[in-house]
Each structure stands twice: as C-alpha cells, then as structure tokens.
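Just model.tsv here, TSV, C-alpha atoms and all ligand atoms:
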```tsv
chain	number	residue	atom	x	y	z
A	1	MET	CA	16.59	-144.07	104.27
A	2	THR	CA	16.53	-147.80	103.74
A	3	VAL	CA	13.75	-149.15	101.52
A	4	LEU	CA	11.75	-151.95	103.10
A	5	ILE	CA	10.82	-154.35	100.29
A	6	ASN	CA	7.26	-155.23	101.21
A	7	GLY	CA	6.62	-158.89	100.35
A	8	LYS	CA	3.08	-158.73	101.64
A	9	LEU	CA	2.19	-155.91	99.26
A	10	ILE	CA	4.10	-157.23	96.24
A	11	SER	CA	2.71	-160.74	96.75
A	12	GLN	CA	-0.79	-159.27	96.77
A	13	GLN	CA	-0.07	-157.68	93.38
A	14	VAL	CA	1.06	-161.06	92.03
A	15	ILE	CA	-2.05	-162.70	93.53
A	16	ASP	CA	-4.35	-160.06	91.98
A	17	GLU	CA	-2.76	-160.41	88.53
A	18	THR	CA	-2.93	-164.20	88.77
A	19	ALA	CA	-6.58	-164.07	89.84
A	20	LYS	CA	-7.43	-162.05	86.71
A	21	GLU	CA	-5.59	-164.49	84.46
A	22	VAL	CA	-7.23	-167.44	86.20
A	23	SER	CA	-10.69	-166.05	85.46
A	24	THR	CA	-9.74	-165.65	81.79
A	25	PHE	CA	-8.46	-169.23	81.83
A	26	VAL	CA	-11.75	-170.45	83.28
A	27	GLU	CA	-13.71	-168.57	80.61
A	28	ASP	CA	-11.53	-169.96	77.83
A	29	PHE	CA	-11.27	-173.56	78.93
A	30	GLY	CA	-14.25	-174.16	81.21
A	31	LEU	CA	-12.27	-175.48	84.16
A	32	ALA	CA	-10.22	-174.03	87.00
A	33	PRO	CA	-6.50	-174.76	87.37
A	34	GLY	CA	-6.07	-177.53	89.96
A	35	LEU	CA	-3.31	-177.80	92.56
A	36	ALA	CA	-2.63	-180.90	94.67
A	37	VAL	CA	-0.60	-180.37	97.85
A	38	VAL	CA	0.75	-183.54	99.45
A	39	LEU	CA	1.76	-183.50	103.09
A	40	VAL	CA	3.36	-186.56	104.68
A	41	GLY	CA	3.27	-186.54	108.47
A	42	GLU	CA	2.15	-183.93	110.95
A	43	ASP	CA	5.00	-181.39	110.95
A	44	PRO	CA	3.23	-178.38	112.51
A	45	ALA	CA	5.25	-175.80	110.51
A	46	SER	CA	4.39	-177.54	107.24
A	47	GLN	CA	0.73	-177.55	108.25
A	48	VAL	CA	0.83	-173.76	108.52
A	49	TYR	CA	2.28	-173.44	104.99
A	50	VAL	CA	-0.25	-175.87	103.59
A	51	ARG	CA	-3.08	-173.90	105.17
A	52	ASN	CA	-1.72	-170.64	103.68
A	53	LYS	CA	-1.49	-172.24	100.25
A	54	VAL	CA	-5.07	-173.47	100.41
A	55	LYS	CA	-6.26	-170.00	101.46
A	56	ARG	CA	-4.40	-168.21	98.66
A	57	ALA	CA	-5.53	-170.76	96.07
A	58	GLU	CA	-9.15	-170.06	97.00
A	59	GLU	CA	-8.51	-166.33	96.64
A	60	VAL	CA	-7.17	-166.65	93.05
A	61	GLY	CA	-9.74	-169.22	91.92
A	62	ILE	CA	-7.44	-172.23	91.83
A	63	ARG	CA	-9.03	-175.49	92.93
A	64	SER	CA	-6.77	-176.89	95.62
A	65	LEU	CA	-6.76	-180.41	96.99
A	66	GLU	CA	-4.97	-181.38	100.16
A	67	TYR	CA	-3.63	-184.93	100.56
A	68	LYS	CA	-2.47	-185.90	104.03
A	69	LEU	CA	-0.57	-189.15	104.40
A	70	PRO	CA	0.51	-190.54	107.78
A	71	ALA	CA	4.19	-190.06	108.75
A	72	THR	CA	4.62	-193.83	108.52
A	73	SER	CA	3.50	-194.00	104.86
A	74	SER	CA	5.50	-196.25	102.57
A	75	GLN	CA	7.32	-195.09	99.46
A	76	GLU	CA	4.84	-197.19	97.46
A	77	ALA	CA	1.83	-195.41	98.95
A	78	LEU	CA	3.31	-192.01	98.10
A	79	ASP	CA	4.30	-193.17	94.59
A	80	ASP	CA	0.78	-194.52	94.03
A	81	LEU	CA	-0.74	-191.17	95.02
A	82	ILE	CA	1.62	-189.30	92.68
A	83	GLN	CA	0.78	-191.65	89.79
A	84	THR	CA	-2.94	-191.06	90.42
A	85	LEU	CA	-2.42	-187.28	90.44
A	86	ASN	CA	-0.22	-187.47	87.31
A	87	ALA	CA	-3.05	-189.27	85.49
A	88	ASP	CA	-5.78	-186.87	86.71
A	89	SER	CA	-6.38	-184.27	83.98
A	90	THR	CA	-8.09	-181.91	86.46
A	91	VAL	CA	-4.87	-181.68	88.50
A	92	HIS	CA	-2.40	-179.31	86.81
A	93	GLY	CA	0.06	-178.83	89.65
A	94	ILE	CA	1.51	-181.25	92.21
A	95	LEU	CA	3.51	-180.11	95.23
A	96	VAL	CA	4.96	-182.57	97.73
A	97	GLN	CA	5.79	-180.69	100.90
A	98	LEU	CA	9.48	-181.04	101.84
A	99	PRO	CA	11.31	-182.25	103.83
A	100	LEU	CA	9.85	-185.76	103.78
A	101	PRO	CA	10.21	-188.13	106.74
A	102	ASP	CA	13.68	-189.77	106.75
A	103	HIS	CA	12.58	-193.20	105.53
A	104	LEU	CA	11.26	-191.78	102.25
A	105	ASN	CA	13.42	-191.14	99.18
A	106	GLU	CA	12.99	-187.50	98.19
A	107	GLU	CA	14.81	-187.81	94.88
A	108	ALA	CA	12.59	-190.69	93.76
A	109	VAL	CA	9.47	-188.70	94.69
A	110	LEU	CA	10.58	-185.63	92.72
A	111	LEU	CA	11.37	-187.85	89.70
A	112	ALA	CA	7.92	-189.45	89.87
A	113	ILE	CA	6.06	-186.14	89.47
A	114	ASP	CA	5.09	-185.39	85.86
A	115	PRO	CA	7.50	-182.54	84.92
A	116	ALA	CA	4.57	-180.66	83.35
A	117	LYS	CA	2.83	-180.64	86.78
A	118	ASP	CA	5.97	-179.90	88.80
A	119	VAL	CA	4.97	-176.47	90.14
A	120	ASP	CA	7.99	-176.43	92.50
A	121	GLY	CA	10.34	-176.77	89.52
A	122	PHE	CA	12.32	-179.48	91.33
A	123	HIS	CA	12.15	-182.25	88.70
A	124	PRO	CA	15.56	-182.79	87.02
A	125	LEU	CA	14.04	-181.88	83.64
A	126	ASN	CA	12.91	-178.50	84.97
A	127	VAL	CA	16.21	-178.00	86.81
A	128	GLY	CA	17.99	-178.59	83.52
A	129	ALA	CA	15.69	-176.23	81.64
A	130	LEU	CA	16.43	-173.51	84.21
A	131	ALA	CA	20.17	-174.08	83.84
A	132	CYS	CA	19.73	-173.62	80.06
A	133	GLY	CA	17.72	-170.44	80.60
A	134	ASP	CA	14.47	-171.73	79.11
A	135	ALA	CA	12.45	-172.90	82.13
A	136	SER	CA	8.67	-172.72	82.15
A	137	LEU	CA	8.30	-173.73	85.82
A	138	VAL	CA	10.81	-171.87	88.01
A	139	PRO	CA	11.16	-172.70	91.74
A	140	CYS	CA	8.78	-170.46	93.69
A	141	THR	CA	11.09	-168.95	96.30
A	142	PRO	CA	13.82	-167.80	93.88
A	143	MET	CA	11.13	-166.48	91.51
A	144	GLY	CA	9.66	-164.48	94.38
A	145	CYS	CA	13.09	-163.08	95.19
A	146	MET	CA	13.58	-161.97	91.57
A	147	ILE	CA	10.21	-160.19	91.54
A	148	MET	CA	11.13	-158.33	94.73
A	149	LEU	CA	14.56	-157.45	93.33
A	150	ALA	CA	12.92	-156.05	90.18
A	151	HIS	CA	11.10	-153.53	92.37
A	152	VAL	CA	14.37	-151.93	93.47
A	153	HIS	CA	16.59	-152.87	90.48
A	154	PRO	CA	14.72	-152.68	87.17
A	155	ASP	CA	18.07	-153.57	85.54
A	156	LEU	CA	20.30	-156.09	87.31
A	157	SER	CA	22.82	-156.20	84.52
A	158	GLY	CA	26.44	-156.10	85.72
A	159	LYS	CA	25.56	-156.17	89.44
A	160	GLN	CA	27.68	-158.23	91.79
A	161	ALA	CA	25.37	-160.76	93.44
A	162	VAL	CA	26.31	-163.13	96.25
A	163	VAL	CA	24.03	-166.04	97.12
A	164	ILE	CA	24.67	-167.51	100.56
A	165	GLY	CA	23.65	-171.18	100.50
A	166	ARG	CA	23.69	-173.84	97.79
A	167	SER	CA	20.49	-175.83	98.31
A	168	ASN	CA	18.63	-177.30	95.35
A	169	ILE	CA	15.49	-175.50	96.54
A	170	VAL	CA	16.84	-171.95	96.81
A	171	GLY	CA	20.60	-171.34	96.44
A	172	LYS	CA	21.25	-173.07	93.12
A	173	PRO	CA	18.11	-171.90	91.25
A	174	MET	CA	18.59	-168.40	92.68
A	175	ALA	CA	22.13	-168.27	91.25
A	176	ALA	CA	20.79	-169.45	87.86
A	177	LEU	CA	18.14	-166.70	87.76
A	178	LEU	CA	20.59	-163.96	88.76
A	179	LEU	CA	22.99	-165.17	86.08
A	180	GLN	CA	20.19	-165.09	83.53
A	181	ALA	CA	19.55	-161.48	84.58
A	182	ASN	CA	23.20	-160.72	83.74
A	183	CYS	CA	24.50	-160.42	87.30
A	184	THR	CA	28.00	-161.52	88.19
A	185	VAL	CA	27.14	-164.33	90.59
A	186	THR	CA	29.10	-165.85	93.45
A	187	VAL	CA	27.72	-168.69	95.56
A	188	VAL	CA	29.18	-169.04	99.05
A	189	HIS	CA	28.44	-171.84	101.52
A	190	SER	CA	29.48	-173.59	104.71
A	191	ARG	CA	32.91	-174.55	103.32
A	192	THR	CA	33.69	-171.12	101.85
A	193	LYS	CA	36.69	-169.29	103.26
A	194	ASN	CA	36.25	-165.56	104.00
A	195	ILE	CA	32.46	-165.50	103.49
A	196	GLU	CA	32.30	-162.12	105.15
A	197	SER	CA	34.81	-160.42	102.85
A	198	ILE	CA	33.22	-161.96	99.72
A	199	CYS	CA	29.73	-160.84	100.78
A	200	SER	CA	30.89	-157.35	101.60
A	201	GLN	CA	31.74	-156.75	97.92
A	202	ALA	CA	28.22	-157.55	96.74
A	203	ASP	CA	25.61	-155.13	95.40
A	204	ILE	CA	22.99	-157.81	96.09
A	205	VAL	CA	23.08	-160.40	98.88
A	206	VAL	CA	20.59	-163.28	98.97
A	207	ALA	CA	20.73	-165.11	102.30
A	208	ALA	CA	19.45	-168.70	102.15
A	209	ILE	CA	21.43	-170.55	104.79
A	210	GLY	CA	18.81	-171.55	107.35
A	211	ARG	CA	20.69	-170.12	110.33
A	212	PRO	CA	18.93	-167.46	112.38
A	213	GLU	CA	20.43	-163.95	112.08
A	214	MET	CA	23.81	-165.10	110.79
A	215	VAL	CA	24.37	-162.21	108.37
A	216	LYS	CA	25.68	-159.12	110.17
A	217	ALA	CA	26.25	-155.50	109.12
A	218	SER	CA	29.98	-156.15	108.66
A	219	TRP	CA	29.10	-158.57	105.80
A	220	ILE	CA	27.22	-155.90	103.86
A	221	LYS	CA	28.58	-153.17	101.60
A	222	PRO	CA	26.91	-149.85	102.44
A	223	GLY	CA	24.02	-149.35	100.02
A	224	ALA	CA	23.67	-153.03	99.07
A	225	THR	CA	20.29	-154.75	98.61
A	226	VAL	CA	19.60	-157.64	100.99
A	227	ILE	CA	17.07	-160.43	100.33
A	228	ASP	CA	16.44	-162.62	103.38
A	229	VAL	CA	15.11	-166.08	102.48
A	230	GLY	CA	15.40	-167.50	106.01
A	231	ILE	CA	12.31	-168.27	108.07
A	232	ASN	CA	13.53	-169.48	111.47
A	233	ALA	CA	11.35	-169.92	114.53
A	234	ILE	CA	13.31	-168.92	117.63
A	235	GLU	CA	12.52	-168.16	121.25
A	236	ARG	CA	13.43	-164.71	122.56
A	237	ASP	CA	12.38	-163.18	125.89
A	238	GLY	CA	10.21	-166.26	126.43
A	239	LYS	CA	8.28	-165.67	123.20
A	240	ARG	CA	8.29	-167.57	119.91
A	241	LYS	CA	9.40	-165.36	117.06
A	242	LEU	CA	10.12	-165.67	113.33
A	243	VAL	CA	13.51	-164.34	112.26
A	244	GLY	CA	15.44	-164.51	109.00
A	245	ASP	CA	19.01	-165.50	108.19
A	246	VAL	CA	19.88	-161.79	108.39
A	247	ASP	CA	20.29	-159.89	111.64
A	248	PHE	CA	17.72	-157.30	110.56
A	249	ALA	CA	18.33	-154.71	113.30
A	250	ASP	CA	22.08	-154.78	112.61
A	251	VAL	CA	21.95	-154.86	108.78
A	252	GLU	CA	18.99	-152.58	108.02
A	253	PRO	CA	20.84	-149.28	108.67
A	254	VAL	CA	23.66	-150.29	106.28
A	255	ALA	CA	21.54	-151.61	103.38
A	256	SER	CA	19.77	-149.46	100.78
A	257	ALA	CA	16.92	-151.99	100.55
A	258	ILE	CA	16.05	-155.08	102.59
A	259	THR	CA	13.25	-157.66	102.92
A	260	PRO	CA	11.69	-158.24	106.34
A	261	VAL	CA	10.82	-161.59	107.99
A	262	PRO	CA	7.93	-162.26	108.23
A	263	GLY	CA	6.28	-160.36	105.37
A	264	GLY	CA	9.12	-160.74	102.87
A	265	VAL	CA	10.05	-163.80	100.84
A	266	GLY	CA	7.46	-166.12	102.50
A	267	PRO	CA	4.30	-164.58	101.02
A	268	MET	CA	6.08	-164.19	97.65
A	269	THR	CA	6.77	-167.94	97.57
A	270	ILE	CA	3.08	-168.71	97.93
A	271	ALA	CA	2.07	-166.12	95.33
A	272	CYS	CA	4.57	-167.61	92.87
A	273	LEU	CA	3.16	-171.08	93.52
A	274	MET	CA	-0.21	-169.76	92.31
A	275	LYS	CA	1.49	-168.22	89.26
A	276	ASN	CA	3.20	-171.54	88.48
A	277	THR	CA	-0.04	-173.50	88.88
A	278	LEU	CA	-1.70	-171.24	86.31
A	279	GLN	CA	1.36	-171.56	84.04
A	280	ALA	CA	1.28	-175.36	84.34
A	281	ALA	CA	-2.45	-175.42	83.58
A	282	LYS	CA	-1.94	-173.27	80.48
A	283	ASN	CA	0.92	-175.48	79.27
A	284	GLN	CA	-1.18	-178.61	79.71
A	285	VAL	CA	-4.33	-177.28	78.13
A	286	LEU	CA	-2.50	-175.77	75.16
A	287	LYS	CA	-0.32	-178.82	74.46
A	288	PRO	CA	-1.73	-181.81	76.31
B	301	LIG	N1	7.88	-178.65	98.15
B	301	LIG	C1	7.98	-177.59	98.93
B	301	LIG	N2	7.85	-176.34	98.41
B	301	LIG	C2	7.94	-175.24	99.21
B	301	LIG	O1	7.82	-174.10	98.72
B	301	LIG	C3	8.17	-175.42	100.62
B	301	LIG	C4	8.28	-176.73	101.10
B	301	LIG	N3	8.20	-177.77	100.25
B	301	LIG	N4	8.51	-176.95	102.41
B	301	LIG	C5	8.55	-175.89	103.37
B	301	LIG	C6	9.01	-174.59	102.75
B	301	LIG	C7	8.70	-173.35	103.56
B	301	LIG	N5	7.81	-172.56	102.74
B	301	LIG	C8	7.18	-171.38	103.15
B	301	LIG	C9	6.33	-170.67	102.34
B	301	LIG	C10	5.68	-169.54	102.80
B	301	LIG	C11	5.88	-169.07	104.08
B	301	LIG	C12	5.15	-167.84	104.54
B	301	LIG	O2	4.18	-167.42	103.96
B	301	LIG	N6	5.60	-167.17	105.61
B	301	LIG	C13	4.98	-165.96	106.11
B	301	LIG	C14	4.38	-166.06	107.47
B	301	LIG	C15	4.51	-167.39	108.17
B	301	LIG	C16	3.99	-167.36	109.60
B	301	LIG	O3	3.48	-166.32	110.06
B	301	LIG	O4	4.13	-168.40	110.26
B	301	LIG	C17	5.99	-164.83	106.11
B	301	LIG	O5	7.20	-165.11	106.02
B	301	LIG	O6	5.59	-163.68	106.23
B	301	LIG	C18	6.75	-169.75	104.88
B	301	LIG	C19	7.41	-170.88	104.42
B	301	LIG	C20	7.60	-173.21	101.57
B	301	LIG	N7	8.28	-174.36	101.51
```

Kindly return the structure encoded in the file as structure tokens.
Amino acid sequence: MTVLINGKLISQQVIDETAKEVSTFVEDFGLAPGLAVVLVGEDPASQVYVRNKVKRAEEVGIRSLEYKLPATSSQEALDDLIQTLNADSTVHGILVQLPLPDHLNEEAVLLAIDPAKDVDGFHPLNVGALACGDASLVPCTPMGCMIMLAHVHPDLSGKQAVVIGRSNIVGKPMAALLLQANCTVTVVHSRTKNIESICSQADIVVAAIGRPEMVKASWIKPGATVIDVGINAIERDGKRKLVGDVDFADVEPVASAITPVPGGVGPMTIACLMKNTLQAAKNQVLKP
C-alpha cells in the first residue's frame, strides 16, 4: 500500500506548534510577530495565496499586513514601500509575491529586502547561508518538502535524490537541503538528456518543473518516494482542476509514498512561512 503524505495534516501540526511558540513570544516580548505581504497587480491565483496566508497568520497569532500595489506601479514605488517596511520595527517578515509584472526588476526587489526580514529566503545573503549549510531563513516550499520527507524517512542519509527543476525558488534550495541531509543529489532540468532513466534510479524524486502531470510511472523506481511541488490549474471534462507535476493516477501505484495535489506541498509552504516569520521575529528581537 502506498502511503499518502498528508500535507493538510502535517501543515496543521506545524501551524499548531508555531501558534504555541508565537504565544510564548508574545508573553516574552509584548508584541506579535508581524508579516507584510506585498502583492503587485491583480493576478487572481496570487490573490488566493495571499488570502490563505492572511487566514493562517491570524490562526497562529501573527499580525499580517497586506499591501496591494497596482500592476502599473513603478520600481521606485515598490522600493519605497520595501524601505518603509524595512524600517518598521513591528514588521519582522516581508514577502513580495512572485512573479512580478514584467516591467519590474525582481532581482533588485529581492536585494532591497532586509535579509533579516526575508521570510522567503530569497535574498542573496540567505541563499549563500543555505549553500554553506547555516541558513536561518530557508525557502518555505523546500522546507515544507523536507518536513514531509522526514515523516516517511527519519534518516535520509545515503539516499539517492533527484530534483526535477532548477529554479531559485524550489529546485536549487531543495537540492541544498537534501545535500545537507546527506542525500546523494542529482538535479535534472529541461536540457538534461535521459531524464527518465536518471529519475528511475532515485529513492526520492522531487518534481518542481511547472508542467502538469509530466512525471509518469516509467520515471519512478518501484518503492520510491515522490514529492510533487507542482500546482497547475488545468481544464478537464469542462472543469477547472488543480494537478501537480506528477501524473498521480499513473505514479501512485508504483511509489511507496507520494504527496497529493492539492493538499500536499501547498499547505506546507504556508505553514513554513509562519514558522519563518516567527524565526525572523526571534532573530530581530534577540539581536536587533
Ligand atoms: N514570494 C513568493 N513566495 C511564495 O511562496 C509564492 C510566491 N511568491 N508566488 C506564488 C507561489 C505559489 N505559492 C503557493 C502556496 C500555497 C498554495 C496552497 O496552499 N495550495 C493549496 C490549495 C490551493 C487551492 O485550492 O487553490 C494546496 O495545494 O492544497 C499554493 C501556492 C506560494 N508562492
């Protein structure tokens, strides 16, 4: 029987633990951790995520602030907002929802965020710290994947892990975390030759490609663990549906454990954002 790794349930555990720690933080320091979420434009999918973040923040006792800028905002307007949030001692975490509209420079925005408040872990300083194995703020999605993996593999040491995708947001930090956990890590991507044969040797496959249902049973070694990072909205039988980067119906019978979509990595990402906001608040209050 294949184990279904339940992201809804595990994320609730992370939320509950974080809520407890937040109430201790409030008792100790007399203020709640604060998270600022910046959304530029009206992307409907992003609006759903932002709403979920606000809801979860409320649940754990984090004060969340939503900043909505028009899609036509200038780089200067966004930079000004970030500088204001950097200077605000009641804001401990800043998240700028990606992707930004094309006319804005994403790299410049990520550089502008105070690394101590960078709850996404995307600032070059935090990226470097992760590469060195001493990060305090780890990107939320890969962190969520590691927590789910720990539920089926208490010891990852010596496992063959293949990460499909090399984005700065998921693929690269995911590979760094697996390496830190003593896996043998291979990253495959759009230019890789023989992706299928490389994947089919893996004990652990993390799919973060952004292509609906690309990973098939023939890519998966029988008994492997499959983490599906993809969240793709597709239309099937005239209905809108969320599917992952893994063809779940095909792969599930072959895997020993697999994450579903929805209810897998998505809720873990949000729970880890709450964890990071608390972490950032602790870091700032303890060494301002
Ligand atoms: N700076 C930045 N950081 C991010 O972490 C970030 C971002 N930008 N831009 C967009 C992506 C996407 N993302 C999701 C998080 C949770 C769900 C989620 O909770 N999904 C639920 C249900 C979603 C639904 O039902 O529509 C699930 O998979 O079960 C989805 C997507 C964070 N992102």

Return as AutoDock Vina command-line options the box centre and box size in Å, one decimal, for an axis-aligned box around all listed atoms of ligand LIG 301 (chain B) padded by 3 Å per side.
```
--center_x 6.2 --center_y -171.2 --center_z 104.2 --size_x 11.5 --size_y 21.0 --size_z 18.1
```

9 Å contact set for Thr259 of chain A, all atoms listed in the file, chain neighbours under 4 positions out, as a ChimeraX atom specification: /A:3-7,148,225-229,248,263-265

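Proximity ranking of A:Asp250, A:Glu21, A:Asp28, A:Glu107 relative to ligand LIG 301 (chain B) places A:Glu107 first, based on all atoms listed in the file.
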
Give the answer as one residue: which of A:Val285, A:Ala217, A:Met274, A:Ala257 has the shortest atom-to-atom distance to ligand LIG 301 (chain B), using only C-alpha atoms and all ligand atoms? A:Met274

Neighbouring residues of ligand LIG 301 (chain B) are defined here as those with any atom at most 8 Å from a ligand atom, counting all atoms listed in the file; list them as a count of residues only. 30

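Nearest to Ala108 of chain A of all the residues A:Pro124, A:Gly244, A:Gly223, A:Gly210 is A:Pro124, based on all atoms listed in the file.
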
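Using all atoms listed in the file, the nearest neighbour of Ala71 of chain A within the list A:Arg236, A:His103, A:Lys193, A:Lys159 is A:His103.
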
Starting from the point (8.6, -196.7, 98.6), work out which residues of protein, DNA or RNA have an atom no more than 9 Å away when counting only C-alpha atoms; state them as a PyMOL selection string. chain A and resi 73-79+103-105+108-109

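Minimum atom-to-atom distances from A:Ser64, A:Thr186, A:Ser157, A:Thr84 to Ala32 of chain A were compared using all atoms listed in the file, and the lowest value belongs to A:Ser64.
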
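Each of A:Gln284, A:Ala224, A:Ser200, A:Gly165 was compared to Asp245 of chain A using all atoms listed in the file, and A:Gly165 turns out to be the nearest.
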
Any chance you could build segment 47-60 of chain A out to N, CA and C atoms and write it as a PDB file, keeping the file's coordinate frame?
```
ATOM      1  N   GLN A  47       2.191-177.699 108.252  1.00  0.00           N
ATOM      2  CA  GLN A  47       0.730-177.550 108.250  1.00  0.00           C
ATOM      3  C   GLN A  47       0.326-176.087 108.085  1.00  0.00           C
ATOM      4  N   VAL A  48       1.110-175.190 108.682  1.00  0.00           N
ATOM      5  CA  VAL A  48       0.830-173.760 108.520  1.00  0.00           C
ATOM      6  C   VAL A  48       0.977-173.355 107.060  1.00  0.00           C
ATOM      7  N   TYR A  49       2.082-173.805 106.394  1.00  0.00           N
ATOM      8  CA  TYR A  49       2.280-173.440 104.990  1.00  0.00           C
ATOM      9  C   TYR A  49       1.159-173.976 104.132  1.00  0.00           C
ATOM     10  N   VAL A  50       0.791-175.240 104.393  1.00  0.00           N
ATOM     11  CA  VAL A  50      -0.250-175.870 103.590  1.00  0.00           C
ATOM     12  C   VAL A  50      -1.555-175.087 103.738  1.00  0.00           C
ATOM     13  N   ARG A  51      -1.861-174.673 104.952  1.00  0.00           N
ATOM     14  CA  ARG A  51      -3.080-173.900 105.170  1.00  0.00           C
ATOM     15  C   ARG A  51      -3.039-172.574 104.401  1.00  0.00           C
ATOM     16  N   ASN A  52      -1.872-171.899 104.432  1.00  0.00           N
ATOM     17  CA  ASN A  52      -1.720-170.640 103.680  1.00  0.00           C
ATOM     18  C   ASN A  52      -1.906-170.844 102.189  1.00  0.00           C
ATOM     19  N   LYS A  53      -1.366-171.960 101.681  1.00  0.00           N
ATOM     20  CA  LYS A  53      -1.490-172.240 100.250  1.00  0.00           C
ATOM     21  C   LYS A  53      -2.946-172.438  99.865  1.00  0.00           C
ATOM     22  N   VAL A  54      -3.655-173.192 100.681  1.00  0.00           N
ATOM     23  CA  VAL A  54      -5.070-173.470 100.410  1.00  0.00           C
ATOM     24  C   VAL A  54      -5.864-172.158 100.403  1.00  0.00           C
ATOM     25  N   LYS A  55      -5.559-171.287 101.340  1.00  0.00           N
ATOM     26  CA  LYS A  55      -6.260-170.000 101.460  1.00  0.00           C
ATOM     27  C   LYS A  55      -6.016-169.121 100.228  1.00  0.00           C
ATOM     28  N   ARG A  56      -4.756-169.031  99.819  1.00  0.00           N
ATOM     29  CA  ARG A  56      -4.400-168.210  98.660  1.00  0.00           C
ATOM     30  C   ARG A  56      -4.979-168.786  97.371  1.00  0.00           C
ATOM     31  N   ALA A  57      -4.983-170.108  97.261  1.00  0.00           N
ATOM     32  CA  ALA A  57      -5.530-170.760  96.070  1.00  0.00           C
ATOM     33  C   ALA A  57      -6.999-170.372  95.911  1.00  0.00           C
ATOM     34  N   GLU A  58      -7.733-170.442  97.013  1.00  0.00           N
ATOM     35  CA  GLU A  58      -9.150-170.060  97.000  1.00  0.00           C
ATOM     36  C   GLU A  58      -9.302-168.632  96.485  1.00  0.00           C
ATOM     37  N   GLU A  59      -8.437-167.752  96.983  1.00  0.00           N
ATOM     38  CA  GLU A  59      -8.510-166.330  96.640  1.00  0.00           C
ATOM     39  C   GLU A  59      -8.296-166.096  95.139  1.00  0.00           C
ATOM     40  N   VAL A  60      -7.417-166.868  94.479  1.00  0.00           N
ATOM     41  CA  VAL A  60      -7.170-166.650  93.050  1.00  0.00           C
ATOM     42  C   VAL A  60      -8.071-167.492  92.153  1.00  0.00           C
TER      43      VAL A  60
END
```
